[in-house]
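Peer 1: One structure coming up, written as structure tokens, with questions to follow.
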Amino acid sequence: MSFAIETRDLNYSYTKDRRSVNNLSLQVPTGSIYGFLGPNGAGKTTTIRLLTGMLLSDKDNVFIQGKSLQRNLPQIFNSMGTLIEMPSLYLHLTGKENLRLIATMRGIHRNRIDDALQTAGLAGAANKKTKQYSLGMKQRLGIAMAMLSDPELLILDEPANGLDPTGIIEVRQLLVKLNKEQGKTIFVSSHLLGEVEKTCTHIGIIHHGIMRYNGTLEQMKASAYDAADVILKVQEAEHWLPQITSQYPLAKVQGRDEITLPATSREEVTHINQQLVRMNIPVAGIQLRGGLEEWFMHIIDQEKDKQIL
Amino acid sequence: MKNFLATHNKALKAEWLKLHHSGMLWFCLAAAAFIPAFHTLVSFFESVGDLSPESGNKMIQMDFQIFTNFFFPVFVVIVVVRLVYMEHRFDTWKLVETQPVSKAAIYFSKWEIAAFISFCCLLTLLVVAFLGGLILQFGRPALGFDQSNINWGHALQALTRFWIASLCIISVQYCLTVLLKSFALPMSIGLVAIFAGSFAQALGYMNWWPYSATQITSDTYGGAPNGEFLLSHEKISLISSLLFIWLGYQLYRRKSFRKAFLSPIKNMVVAVAVIAVFALAISAVNKPTVLNRYSATVVAGEIKSATPIAQVLLLRSPMMDTVMTIPVVNDHFHLKTDKQIATGIYYLKAGSQARRLFMGNKDSVYVDISFSEGEPKIQVSGTRVAENDYLVNGKRTDIEILGQYANNVPPSNFADDLMEYYNDGIRALETFKTSDRIKPADDFIELRKKLFATQVLALADGVYPKIFAAYFPNQELQFPESINELRAGVSLNSPELISFPEYRRYVTSALREKAGINDSLYFGMLNDSLQDPYTRDVIIYEAASTSIVRLKDSIRRNTLIAGILLNTKTGIVNTKLTEANQRANILHGGKPAHDFIAEALNGKQKRRFDFVGKYLVVEFRDAGCAPCKKESPFFESLADRLTSPKLAFVSLSLDEDKKVWQTEANLKKKTKVLQLLSKDDKGRISEAYGLGISPRFVLIDPKGNIINPHLPSPSEPEFEMILQKEIPSQGFSDD
Ligand SMILES: Nc1ncnc2c1ncn2[C@@H]1O[C@H](COP(=O)(O)OP(=O)(O)O)[C@@H](O)[C@H]1O
Ligand SMILES: [Mg+2]
């Protein structure tokens with residue numbers, strides 16, 4: 001498998017006493033949407049700065065499309081579009097002029113600019129100074145600037161920041177579309193699990209600079225639901241158990257009013273609910289214990305414990 | 001480097017786009033246009049001076065100088081800080097740095113934009129100054145802009161030099177702003193650096209300072225005396241500019257001072273090596289040169305003059321004996337000689353102008369004389385350019401002032417002051433360089449050192465004994481060690497110093513101090529102490545000239561001079577001394593006064609002869625001479641009071657400009673002083689009446705003979721006393 005991004009034991013410290021990125025080994029398969037997940041301060045932006053040469057690692061250990069980053073600056077940016085943290089724009093210029101600037105530096109024909117504005121939904125505000133843009137407009141322009149040259153690899157740092165719900169959905173759809181239709185590799189960081197879960201094919205979790213998890217979405221879900229249970233609140237649990245075991249052999253009574261059965265996904269809860277209603281079992285409540293969020297929190301907690309120890 | 005070249009144009013275009021809407025270019029152009037525009041406006045209300053073909057050039061020069069002295073460096077700092085802060089502000093560095101353009105291209109293209117704006121500024125200034133001249137040509141013809149030719153070569157050279165100087169400010173400020181990553185801090189540091197530089201320059205410290213670069217160029221607007229395109233401080237600016245571009249770029253690409261220059265050690269080694277190389281280059285450029293002597297003695301030059309000048313004379317100071325006569329052919333003169341000439345002060349005389357020159361054997365001196373209307377310009381270049389520059393521009397402090405304030409200081413303090421004066425002078429001498437870093441030669445420095453010593457010794461001899469006696473009435477006079485050392489270093493017998501007045505004054509005052517007021521003892525000592533005949537004769541001549549003026553008694557004076565002439569052997573000394581004495585004899589009481597010719601305000605001619613039968617008091621004056629203005633009212637009030645048909649008061653003006661005289665004389669119509677304008681040849685009347693400093697008052701008797709050639713000032717009571725004494729009292733009708 002070829003990797004669009006690969007790092008080997010990447011390290012970075014802003015200050016002597018703490019590593020913001022710690023022995024990070026990252027592998028982003030070509031053609032994937034890679035969700036880089038971690039809470040605030042985890043080291044996502046630092047990692048992205050290292051991936052884009054904004055920060056230079058002491059060793060030559062970042063590879064983009066198989067080529068050393070350090071030895072291929074700045075041509076490497078021909079196949080790479082980035083958006084790092086807040087979009088940085090020239091606020092005294094218009095949206096169009098900001099795009100023109102990128103077009104100039106990337107040697108792109110001007111007529112691409114109007115398309116980009118259209119795609120970003122900024123056609124109406126093209127000739128307004130970006131000073132007057134809302135945060136969401138700035139973010140969309142930033143994404144448009146990253147994508148202007150139609151690069152093979154997109155690295156986006158929290159692109160959903162500052163967008164309204166529709167905006168978020170639009171960005172999500174755009175990313176999926178670019179990935180599906182044009183085969184772009186997209187590396188996108190986020191601190192929201194739900195966000196990543198909905199778009200990404202691959203996932204990496206970073207916390208306190210350490211890579212905590214690395215795998216496909218399916219693998220992640222599998223491990224997350226390994227330990228998850230569906231809990232049914234039913235009065236006189238013993239009475240109803242046989243009926244339930246006929247459908248779900250692994251169901252167990254857990255105290256006077258509770259029956260548990262293992263879950264494999266979030267969707268399964270709905271399915272179980274429908275089944276129980278059909279069987280006329282008087283369920284007072286149904287809930288999922290464990291699952292993705294808890295698994296995620298657990299990973300982060302573990303990490304926290306490690307740090308404290 | 002390959003990446004830099006490949007992506008430079010893209011980066012530069014991007015920088016250019018960023019200037020849009022920033023208003024920076026317009027701000028700078030307006031700032032540059034302001035000064036010449038304002039100057040043009042003000043010129044409409046200016047009084048008309050001399051018409052000069054230099055009007056246009058002068059306007060350009062003045063505008064450049066005003067602008068580059070202060071405004072220009074400030075604008076440059078503002079532009080650089082704004083250009084860099086534009087990226088700092090919303091961290092757009094990360095936007096440009098993730099584009100396929102090299103960091104060197106990003107860094108350098110921003111620098112280029114700043115350099116471009118700086119160039120536009122200067123160009124705007126030049127163009128607006130030129131247009132201002134055109135406007136004035138039609139709007140105010142009296143200023144003579146239509147006569148003036150712009151020296152474009154020089155103007156463009158100045159522009160280039162200012163631009164190069166500004167590059168250094170750009171590079172340093174750029175480096176600073178990249179390092180500090182803020183707006184206010186680098187801005188304030190830049191402004192403070194400009195102010196500090198101005199002060200230091202004004203006080204004479206610091207030959208070069210990046211933020212004063214344009215100011216130094218402004219001070220040396222004329223350019224290099226040797227005709228080189230750039231002065232050495234501009235070369236230093238250029239080299240430093242390159243250094244700071246490199247330093248700034250390291251800071252920029254490594255993001256912090258530590259990573260750029262401290263760790264890893266390799267970076268530190270590289271930085272130290274680069275700085276060392278640049279430091280060597282700067283010191284090589286900065287190193288003063290001493291010019292070598294030439295293979296023969298050459299005096300050459302050119303003259304631009306409306307009235308033809310046939311020859312140029314080289315006269316030796318102080319006797320003004322002609323050493324060379326050089327014919328002028330096609331406005332050029334050139335003389336090469338193997339004749340030995342003594343090293344010292346000479347005067348180069350062309351027409352009515354004479355230029356003081358230091359030169360000696362095997363020197364090649366080129367003198368550029370221009371008599372275009374207005375003041376004549378004389379420029380000296382050649383092997384003694386530094387020495388002559390020092391004589392004109394060298395730092396000078398008035399040593400006499402030390403003597404004037406010496407009354408109340410203890411003798412040791414006075415001696416310390418003297419030594420401080422001496423040491424300051426030596427330091428300034430040894431560090432003196434022309435604007436293109438040429439140092440005076442060692443022989444000159446040796447001479448100058450001795451002259452400083454003679455100055456100090458002359459004052460010490462005159463003042464120190466008095467203070468010493470006042471403080472220690474019962475002790476024998478003892479000079480401090482420092483003064484004695486100085487005395488050991490310079491002999492009374494220093495023929496090499498004879499052309500310098502400091503030395504002559506030192507010898508005369510030293511011996512006068514010993515001899516007291518006894519003239520024959522004094523001249524005897526001069527004769528005995530000085531060995532070199534020429535030196536001895538010249539000094540005796542100077543001493544005798546003072547005696548001639550001082551001695552009123554013609555018999556005593558003639559005896560003294562006759563005695564002196566027995567010993568002096570130098571022809572020119574004997575001639576001049578005899579002449580001076582004869583003049584004194586003519587002038588002194590009882591001799592007939594020269595029959596002057598003059599014009600009155602009504603246009604009628606008047607002569608001295610017309611006043612025969614009356615006592616005549618003549619005031620010789622020049623319009624605009626301050627002491628004349630001070631004395632006139634006293635003279636006029638005296639004329640008002642002492643009215644007599646047998647007494648006439650005359651003010652004889654030697655002004656060359658009739659209009660000036662008329663304006664002043666008209667104001668005095670109502671007084672009893674008759675206002676006249678001399679029609680005599682100025683030299684002739686000056687000689688006839690022994691005129692020197694104006695005003696002079698002469699009393700003539702009714703027969704036309706001089707009673708007193710040198711009356712005291714009318715403001716002194718003695719003036720009236722002499723008149724009362726000399727003129728029979730029945731002549732006055734005192735009211
Ligand atoms: N410029 C900086 N100097 C020092 N520490 C920094 C700097 N930027 C980030 N950090 C620290 O590095 C860690 C990772 O930060 P960052 O990569 O921005 O996290 P994320 O993007 O995941 O929120 C944080 O603890 C943060 O405090
Ligand atoms: Mg971040």
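Ligands are numbered from 1 in the order shown, chains are lettered A, B, ... in the order of the structure tokens, and residues start at 1 in each chain.
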Report as a ChimeraX atom specification which protein, DNA and RNA residues come within 10 Å of ligand 2, using only C-alpha atoms and all ligand atoms.
Peer 2: /A:38-49,84-86,157-158,189-191
Peer 1: Print the selection's residues with N, CA, C and O atoms to a file, as a PDB file, in the first residue's frame.
Peer 2:
```
ATOM      1  N   GLY A  38      -8.341  14.329  18.148  1.00  0.00           N
ATOM      2  CA  GLY A  38      -7.720  14.574  19.445  1.00  0.00           C
ATOM      3  C   GLY A  38      -8.328  15.805  20.068  1.00  0.00           C
ATOM      4  O   GLY A  38      -8.767  16.699  19.359  1.00  0.00           O
ATOM      5  N   PRO A  39      -8.377  15.857  21.392  1.00  0.00           N
ATOM      6  CA  PRO A  39      -8.941  17.038  22.049  1.00  0.00           C
ATOM      7  C   PRO A  39      -8.036  18.258  21.844  1.00  0.00           C
ATOM      8  O   PRO A  39      -6.938  18.132  21.301  1.00  0.00           O
ATOM      9  N   ASN A  40      -8.504  19.417  22.300  1.00  0.00           N
ATOM     10  CA  ASN A  40      -7.698  20.628  22.154  1.00  0.00           C
ATOM     11  C   ASN A  40      -6.355  20.453  22.846  1.00  0.00           C
ATOM     12  O   ASN A  40      -6.281  19.909  23.940  1.00  0.00           O
ATOM     13  N   GLY A  41      -5.319  20.899  22.174  1.00  0.00           N
ATOM     14  CA  GLY A  41      -3.985  20.826  22.780  1.00  0.00           C
ATOM     15  C   GLY A  41      -3.337  19.477  22.653  1.00  0.00           C
ATOM     16  O   GLY A  41      -2.294  19.218  23.247  1.00  0.00           O
ATOM     17  N   ALA A  42      -3.921  18.595  21.866  1.00  0.00           N
ATOM     18  CA  ALA A  42      -3.379  17.248  21.751  1.00  0.00           C
ATOM     19  C   ALA A  42      -2.098  17.229  20.935  1.00  0.00           C
ATOM     20  O   ALA A  42      -1.263  16.344  21.097  1.00  0.00           O
ATOM     21  N   GLY A  43      -1.950  18.218  20.047  1.00  0.00           N
ATOM     22  CA  GLY A  43      -0.765  18.237  19.188  1.00  0.00           C
ATOM     23  C   GLY A  43      -1.112  18.094  17.728  1.00  0.00           C
ATOM     24  O   GLY A  43      -0.243  17.848  16.894  1.00  0.00           O
ATOM     25  N   LYS A  44      -2.400  18.252  17.383  1.00  0.00           N
ATOM     26  CA  LYS A  44      -2.819  18.090  15.988  1.00  0.00           C
ATOM     27  C   LYS A  44      -2.188  19.159  15.102  1.00  0.00           C
ATOM     28  O   LYS A  44      -1.575  18.855  14.069  1.00  0.00           O
ATOM     29  N   THR A  45      -2.349  20.426  15.537  1.00  0.00           N
ATOM     30  CA  THR A  45      -1.813  21.510  14.712  1.00  0.00           C
ATOM     31  C   THR A  45      -0.303  21.407  14.611  1.00  0.00           C
ATOM     32  O   THR A  45       0.277  21.612  13.531  1.00  0.00           O
ATOM     33  N   THR A  46       0.326  21.047  15.724  1.00  0.00           N
ATOM     34  CA  THR A  46       1.787  20.900  15.691  1.00  0.00           C
ATOM     35  C   THR A  46       2.185  19.834  14.674  1.00  0.00           C
ATOM     36  O   THR A  46       3.106  20.034  13.874  1.00  0.00           O
ATOM     37  N   THR A  47       1.468  18.716  14.690  1.00  0.00           N
ATOM     38  CA  THR A  47       1.766  17.660  13.725  1.00  0.00           C
ATOM     39  C   THR A  47       1.586  18.173  12.306  1.00  0.00           C
ATOM     40  O   THR A  47       2.441  17.959  11.433  1.00  0.00           O
ATOM     41  N   ILE A  48       0.492  18.904  12.076  1.00  0.00           N
ATOM     42  CA  ILE A  48       0.236  19.402  10.723  1.00  0.00           C
ATOM     43  C   ILE A  48       1.308  20.395  10.290  1.00  0.00           C
ATOM     44  O   ILE A  48       1.763  20.388   9.150  1.00  0.00           O
ATOM     45  N   ARG A  49       1.754  21.219  11.247  1.00  0.00           N
ATOM     46  CA  ARG A  49       2.849  22.147  10.913  1.00  0.00           C
ATOM     47  C   ARG A  49       4.116  21.391  10.538  1.00  0.00           C
ATOM     48  O   ARG A  49       4.869  21.813   9.661  1.00  0.00           O
ATOM     49  N   ILE A  84      -4.165  25.606   7.653  1.00  0.00           N
ATOM     50  CA  ILE A  84      -3.647  25.365   8.991  1.00  0.00           C
ATOM     51  C   ILE A  84      -4.321  26.293   9.985  1.00  0.00           C
ATOM     52  O   ILE A  84      -4.276  27.514   9.819  1.00  0.00           O
ATOM     53  N   GLU A  85      -4.926  25.751  10.998  1.00  0.00           N
ATOM     54  CA  GLU A  85      -5.632  26.513  12.026  1.00  0.00           C
ATOM     55  C   GLU A  85      -6.580  27.512  11.372  1.00  0.00           C
ATOM     56  O   GLU A  85      -7.198  27.233  10.365  1.00  0.00           O
ATOM     57  N   MET A  86      -6.662  28.691  11.965  1.00  0.00           N
ATOM     58  CA  MET A  86      -7.561  29.703  11.422  1.00  0.00           C
ATOM     59  C   MET A  86      -7.080  30.061  10.017  1.00  0.00           C
ATOM     60  O   MET A  86      -5.881  30.137   9.779  1.00  0.00           O
ATOM     61  N   ASP A 157      -6.768  21.548   8.734  1.00  0.00           N
ATOM     62  CA  ASP A 157      -6.749  21.558  10.194  1.00  0.00           C
ATOM     63  C   ASP A 157      -8.075  22.124  10.699  1.00  0.00           C
ATOM     64  O   ASP A 157      -8.342  23.309  10.548  1.00  0.00           O
ATOM     65  N   GLU A 158      -8.889  21.272  11.277  1.00  0.00           N
ATOM     66  CA  GLU A 158     -10.197  21.648  11.798  1.00  0.00           C
ATOM     67  C   GLU A 158     -10.985  22.542  10.845  1.00  0.00           C
ATOM     68  O   GLU A 158     -11.292  23.684  11.169  1.00  0.00           O
ATOM     69  N   SER A 189      -8.057  17.171  10.430  1.00  0.00           N
ATOM     70  CA  SER A 189      -8.009  17.040  11.882  1.00  0.00           C
ATOM     71  C   SER A 189      -9.301  17.572  12.481  1.00  0.00           C
ATOM     72  O   SER A 189      -9.990  18.396  11.884  1.00  0.00           O
ATOM     73  N   SER A 190      -9.622  17.046  13.668  1.00  0.00           N
ATOM     74  CA  SER A 190     -10.846  17.486  14.315  1.00  0.00           C
ATOM     75  C   SER A 190     -10.783  17.103  15.782  1.00  0.00           C
ATOM     76  O   SER A 190     -10.065  16.185  16.162  1.00  0.00           O
ATOM     77  N   HIS A 191     -11.521  17.827  16.588  1.00  0.00           N
ATOM     78  CA  HIS A 191     -11.624  17.390  17.981  1.00  0.00           C
ATOM     79  C   HIS A 191     -13.001  16.774  18.230  1.00  0.00           C
ATOM     80  O   HIS A 191     -13.336  16.431  19.337  1.00  0.00           O
TER      81      HIS A 191
END
```
Peer 1: Write out as a ChimeraX atom specification every residue belonging to chain B that has an atom at most 9 Å from any atom of chain A, counting only C-alpha atoms.
Peer 2: /B:3,7,9-11,13-15,17-18,20-22,86-87,90-103,254-255
Peer 1: Residues at most 10 Å from Glu720 (chain B), counting only C-alpha atoms, excluding those fewer than 6 positions away in the same chain, as a PyMOL selection string?
Peer 2: chain B and resi 635+638+642+711-714+726
Peer 1: Got time to write the residues from that selection, all heavy atoms, as a PDB file, in the first residue's frame?
Peer 2:
```pdb
ATOM      1  N   PHE B 635      28.658 109.509  15.381  1.00  0.00           N
ATOM      2  CA  PHE B 635      29.298 110.430  14.455  1.00  0.00           C
ATOM      3  C   PHE B 635      28.318 111.521  14.035  1.00  0.00           C
ATOM      4  O   PHE B 635      28.640 112.723  14.039  1.00  0.00           O
ATOM      5  CB  PHE B 635      29.771 109.620  13.236  1.00  0.00           C
ATOM      6  CG  PHE B 635      30.604 110.387  12.259  1.00  0.00           C
ATOM      7  CD1 PHE B 635      31.810 110.938  12.658  1.00  0.00           C
ATOM      8  CD2 PHE B 635      30.195 110.545  10.941  1.00  0.00           C
ATOM      9  CE1 PHE B 635      32.594 111.636  11.747  1.00  0.00           C
ATOM     10  CE2 PHE B 635      30.976 111.244  10.032  1.00  0.00           C
ATOM     11  CZ  PHE B 635      32.184 111.794  10.432  1.00  0.00           C
ATOM     12  N   LEU B 638      27.488 113.983  16.833  1.00  0.00           N
ATOM     13  CA  LEU B 638      28.600 114.904  17.009  1.00  0.00           C
ATOM     14  C   LEU B 638      28.547 116.007  15.951  1.00  0.00           C
ATOM     15  O   LEU B 638      28.726 117.184  16.240  1.00  0.00           O
ATOM     16  CB  LEU B 638      29.906 114.113  16.887  1.00  0.00           C
ATOM     17  CG  LEU B 638      31.054 114.584  17.752  1.00  0.00           C
ATOM     18  CD1 LEU B 638      30.673 114.488  19.225  1.00  0.00           C
ATOM     19  CD2 LEU B 638      32.291 113.726  17.473  1.00  0.00           C
ATOM     20  N   LEU B 642      28.569 119.918  16.912  1.00  0.00           N
ATOM     21  CA  LEU B 642      29.715 120.765  16.598  1.00  0.00           C
ATOM     22  C   LEU B 642      29.499 121.443  15.253  1.00  0.00           C
ATOM     23  O   LEU B 642      30.058 121.051  14.245  1.00  0.00           O
ATOM     24  CB  LEU B 642      31.000 119.934  16.568  1.00  0.00           C
ATOM     25  CG  LEU B 642      31.315 119.108  17.808  1.00  0.00           C
ATOM     26  CD1 LEU B 642      32.597 118.337  17.609  1.00  0.00           C
ATOM     27  CD2 LEU B 642      31.432 119.987  19.036  1.00  0.00           C
ATOM     28  N   LEU B 711      41.562 108.344  13.993  1.00  0.00           N
ATOM     29  CA  LEU B 711      40.802 108.796  15.160  1.00  0.00           C
ATOM     30  C   LEU B 711      40.176 107.605  15.861  1.00  0.00           C
ATOM     31  O   LEU B 711      39.841 106.607  15.219  1.00  0.00           O
ATOM     32  CB  LEU B 711      39.681 109.742  14.713  1.00  0.00           C
ATOM     33  CG  LEU B 711      40.090 111.141  14.235  1.00  0.00           C
ATOM     34  CD1 LEU B 711      38.888 111.828  13.600  1.00  0.00           C
ATOM     35  CD2 LEU B 711      40.656 111.974  15.369  1.00  0.00           C
ATOM     36  N   PRO B 712      40.019 107.707  17.168  1.00  0.00           N
ATOM     37  CA  PRO B 712      39.286 106.638  17.859  1.00  0.00           C
ATOM     38  C   PRO B 712      37.822 106.632  17.438  1.00  0.00           C
ATOM     39  O   PRO B 712      37.382 107.507  16.708  1.00  0.00           O
ATOM     40  CB  PRO B 712      39.430 106.980  19.338  1.00  0.00           C
ATOM     41  CG  PRO B 712      39.872 108.390  19.393  1.00  0.00           C
ATOM     42  CD  PRO B 712      40.494 108.729  18.086  1.00  0.00           C
ATOM     43  N   SER B 713      37.069 105.661  17.905  1.00  0.00           N
ATOM     44  CA  SER B 713      35.660 105.578  17.512  1.00  0.00           C
ATOM     45  C   SER B 713      34.879 106.746  18.067  1.00  0.00           C
ATOM     46  O   SER B 713      35.140 107.179  19.188  1.00  0.00           O
ATOM     47  CB  SER B 713      35.047 104.303  18.073  1.00  0.00           C
ATOM     48  OG  SER B 713      35.775 103.209  17.632  1.00  0.00           O
ATOM     49  N   PRO B 714      33.905 107.268  17.293  1.00  0.00           N
ATOM     50  CA  PRO B 714      33.098 108.404  17.776  1.00  0.00           C
ATOM     51  C   PRO B 714      32.351 108.073  19.061  1.00  0.00           C
ATOM     52  O   PRO B 714      31.980 108.975  19.811  1.00  0.00           O
ATOM     53  CB  PRO B 714      32.108 108.655  16.639  1.00  0.00           C
ATOM     54  CG  PRO B 714      32.677 107.973  15.459  1.00  0.00           C
ATOM     55  CD  PRO B 714      33.528 106.853  15.949  1.00  0.00           C
ATOM     56  N   GLU B 726      42.335 119.731  18.605  1.00  0.00           N
ATOM     57  CA  GLU B 726      42.991 120.038  17.338  1.00  0.00           C
ATOM     58  C   GLU B 726      42.377 121.229  16.614  1.00  0.00           C
ATOM     59  O   GLU B 726      43.053 121.912  15.856  1.00  0.00           O
ATOM     60  CB  GLU B 726      42.942 118.814  16.398  1.00  0.00           C
ATOM     61  CG  GLU B 726      43.643 117.571  16.925  1.00  0.00           C
ATOM     62  CD  GLU B 726      45.173 117.698  16.848  1.00  0.00           C
ATOM     63  OE1 GLU B 726      45.667 118.658  16.212  1.00  0.00           O
ATOM     64  OE2 GLU B 726      45.854 116.833  17.440  1.00  0.00           O
TER      65      GLU B 726
END
```
Peer 1: Near Tyr464 (chain B), counting only C-alpha atoms, which residues have an atom at most 10 Å away, once you skip same-chain residues fewer than 6 positions from it, shown as a short mmCIF file (atom, residue, chain, number, x, y, z; two decimals) with all heavy atoms, in the first residue's frame?
Peer 2:
```cif
data_model
loop_
_atom_site.label_atom_id
_atom_site.label_comp_id
_atom_site.auth_asym_id
_atom_site.auth_seq_id
_atom_site.Cartn_x
_atom_site.Cartn_y
_atom_site.Cartn_z
N GLY B 403 42.12 81.36 27.43
CA GLY B 403 42.83 82.45 28.08
C GLY B 403 41.88 83.43 28.73
O GLY B 403 42.13 83.93 29.83
N ALA B 406 40.61 82.27 32.04
CA ALA B 406 41.64 81.70 32.90
C ALA B 406 41.80 82.45 34.23
O ALA B 406 42.43 81.94 35.14
CB ALA B 406 42.96 81.68 32.16
N ASN B 407 41.23 83.65 34.35
CA ASN B 407 41.51 84.50 35.52
C ASN B 407 41.30 83.83 36.85
O ASN B 407 42.07 83.98 37.77
CB ASN B 407 40.63 85.75 35.45
CG ASN B 407 41.06 86.61 34.29
OD1 ASN B 407 42.24 86.57 33.91
ND2 ASN B 407 40.14 87.34 33.69
N PRO B 410 42.78 77.89 39.18
CA PRO B 410 44.13 77.60 39.68
C PRO B 410 45.03 77.25 38.50
O PRO B 410 44.56 76.71 37.50
CB PRO B 410 43.94 76.37 40.58
CG PRO B 410 42.48 76.27 40.82
CD PRO B 410 41.78 76.96 39.71
N PRO B 411 46.30 77.55 38.60
CA PRO B 411 47.21 77.33 37.47
C PRO B 411 47.21 75.89 36.96
O PRO B 411 47.28 75.66 35.75
CB PRO B 411 48.60 77.70 38.03
CG PRO B 411 48.41 78.09 39.43
CD PRO B 411 46.96 78.17 39.74
N SER B 412 47.11 74.93 37.87
CA SER B 412 47.16 73.54 37.41
C SER B 412 45.94 73.23 36.55
O SER B 412 46.04 72.52 35.55
CB SER B 412 47.25 72.59 38.59
OG SER B 412 46.10 72.74 39.39
N PHE B 414 44.31 75.35 34.72
CA PHE B 414 44.50 76.01 33.44
C PHE B 414 45.40 75.16 32.54
O PHE B 414 45.11 74.94 31.36
CB PHE B 414 45.10 77.41 33.65
CG PHE B 414 45.41 78.12 32.37
CD1 PHE B 414 44.40 78.46 31.49
CD2 PHE B 414 46.73 78.44 32.03
CE1 PHE B 414 44.68 79.11 30.31
CE2 PHE B 414 47.01 79.09 30.85
CZ PHE B 414 45.98 79.43 29.98
N ALA B 415 46.45 74.63 33.15
CA ALA B 415 47.35 73.77 32.38
C ALA B 415 46.62 72.53 31.88
O ALA B 415 46.81 72.10 30.74
CB ALA B 415 48.55 73.36 33.24
N LEU B 457 51.51 76.62 23.75
CA LEU B 457 52.64 77.26 24.43
C LEU B 457 52.50 78.77 24.42
O LEU B 457 52.78 79.44 25.43
CB LEU B 457 53.95 76.84 23.75
CG LEU B 457 54.34 75.38 23.99
CD1 LEU B 457 55.53 74.99 23.14
CD2 LEU B 457 54.64 75.14 25.47
N ALA B 458 52.02 79.32 23.28
CA ALA B 458 51.87 80.77 23.21
C ALA B 458 50.91 81.24 24.29
O ALA B 458 51.15 82.23 24.98
CB ALA B 458 51.37 81.19 21.83
N ALA B 470 49.48 85.08 40.84
CA ALA B 470 48.32 85.45 41.66
C ALA B 470 48.06 84.39 42.74
O ALA B 470 47.68 84.72 43.86
CB ALA B 470 47.10 85.62 40.78
N LEU B 477 58.26 81.08 39.47
CA LEU B 477 57.41 80.51 38.41
C LEU B 477 57.91 79.14 37.96
O LEU B 477 59.10 78.96 37.69
CB LEU B 477 57.39 81.47 37.21
CG LEU B 477 56.74 80.92 35.94
CD1 LEU B 477 55.25 80.70 36.14
CD2 LEU B 477 56.99 81.85 34.76
N GLN B 478 57.00 78.21 37.93
CA GLN B 478 57.36 76.88 37.45
C GLN B 478 56.24 76.36 36.56
O GLN B 478 55.10 76.28 37.00
CB GLN B 478 57.52 75.95 38.65
CG GLN B 478 58.73 75.08 38.50
CD GLN B 478 58.96 74.22 39.72
OE1 GLN B 478 58.29 74.36 40.75
NE2 GLN B 478 59.89 73.31 39.62
N PHE B 479 56.58 76.03 35.32
CA PHE B 479 55.56 75.48 34.42
C PHE B 479 55.32 74.02 34.77
O PHE B 479 56.25 73.32 35.18
CB PHE B 479 56.01 75.61 32.97
CG PHE B 479 55.77 76.97 32.38
CD1 PHE B 479 56.81 77.88 32.25
CD2 PHE B 479 54.50 77.34 31.99
CE1 PHE B 479 56.58 79.14 31.72
CE2 PHE B 479 54.28 78.59 31.46
CZ PHE B 479 55.31 79.50 31.32
N PRO B 480 54.10 73.56 34.60
CA PRO B 480 53.84 72.15 34.91
C PRO B 480 54.57 71.23 33.92
O PRO B 480 54.94 71.65 32.82
CB PRO B 480 52.32 72.01 34.77
CG PRO B 480 51.89 73.18 33.99
CD PRO B 480 52.88 74.26 34.20
#
```
Peer 1: CA of Tyr522 (chain B) to CA of Tyr405 (chain B): how many Å, to one decimal?
Peer 2: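 Here the two named atoms are 28.5 Å from each other.
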Peer 1: In terms of the shortest atom-to-atom distance over only C-alpha atoms and all ligand atoms, which of B:Val380, B:Glu446, B:Ser256, B:Glu420 is closest to ligand 1?
Peer 2: B:Ser256
Peer 1: Please report the interatomic distance between CA of Ala222 (chain A) and CA of Ile5 (chain A) in Å with one decimal.
Peer 2: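 Atom-to-atom, CA of Ala222 (chain A) to CA of Ile5 (chain A), that is 24.8 Å.
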Peer 1: So that I can check the secondary structure, give me every residue of region 475-708 of chain B assigned strand (DSSP E) by backbone DSSP, as number ranges by chain.
Peer 2: B: 597-600, 605-607, 615-621, 647-653, 673-678, 696-700, 706-708
Peer 1: Would you pick out the contacts of Val660 (chain B) at 10 Å or less, using only C-alpha atoms, so that residues sharing its chain but fewer than 5 positions from it are not included, and give the list as a tab-separated table (two decimals) with N, CA and C atoms, in the first residue's frame?
Peer 2:
```tsv
chain	number	residue	atom	x	y	z
B	622	ASP	N	31.44	101.09	4.80
B	622	ASP	CA	30.80	100.19	3.83
B	622	ASP	C	29.37	100.00	4.28
B	623	ALA	N	28.48	99.93	3.33
B	623	ALA	CA	27.11	99.61	3.73
B	623	ALA	C	27.11	98.20	4.30
B	624	GLY	N	26.34	98.01	5.32
B	624	GLY	CA	26.18	96.65	5.84
B	624	GLY	C	27.28	96.22	6.78
B	655	ASP	N	31.22	101.60	-1.06
B	655	ASP	CA	30.36	100.57	-1.65
B	655	ASP	C	30.52	100.45	-3.14
B	665	ALA	N	22.13	105.98	2.35
B	665	ALA	CA	22.45	107.40	2.43
B	665	ALA	C	21.18	108.25	2.49
```
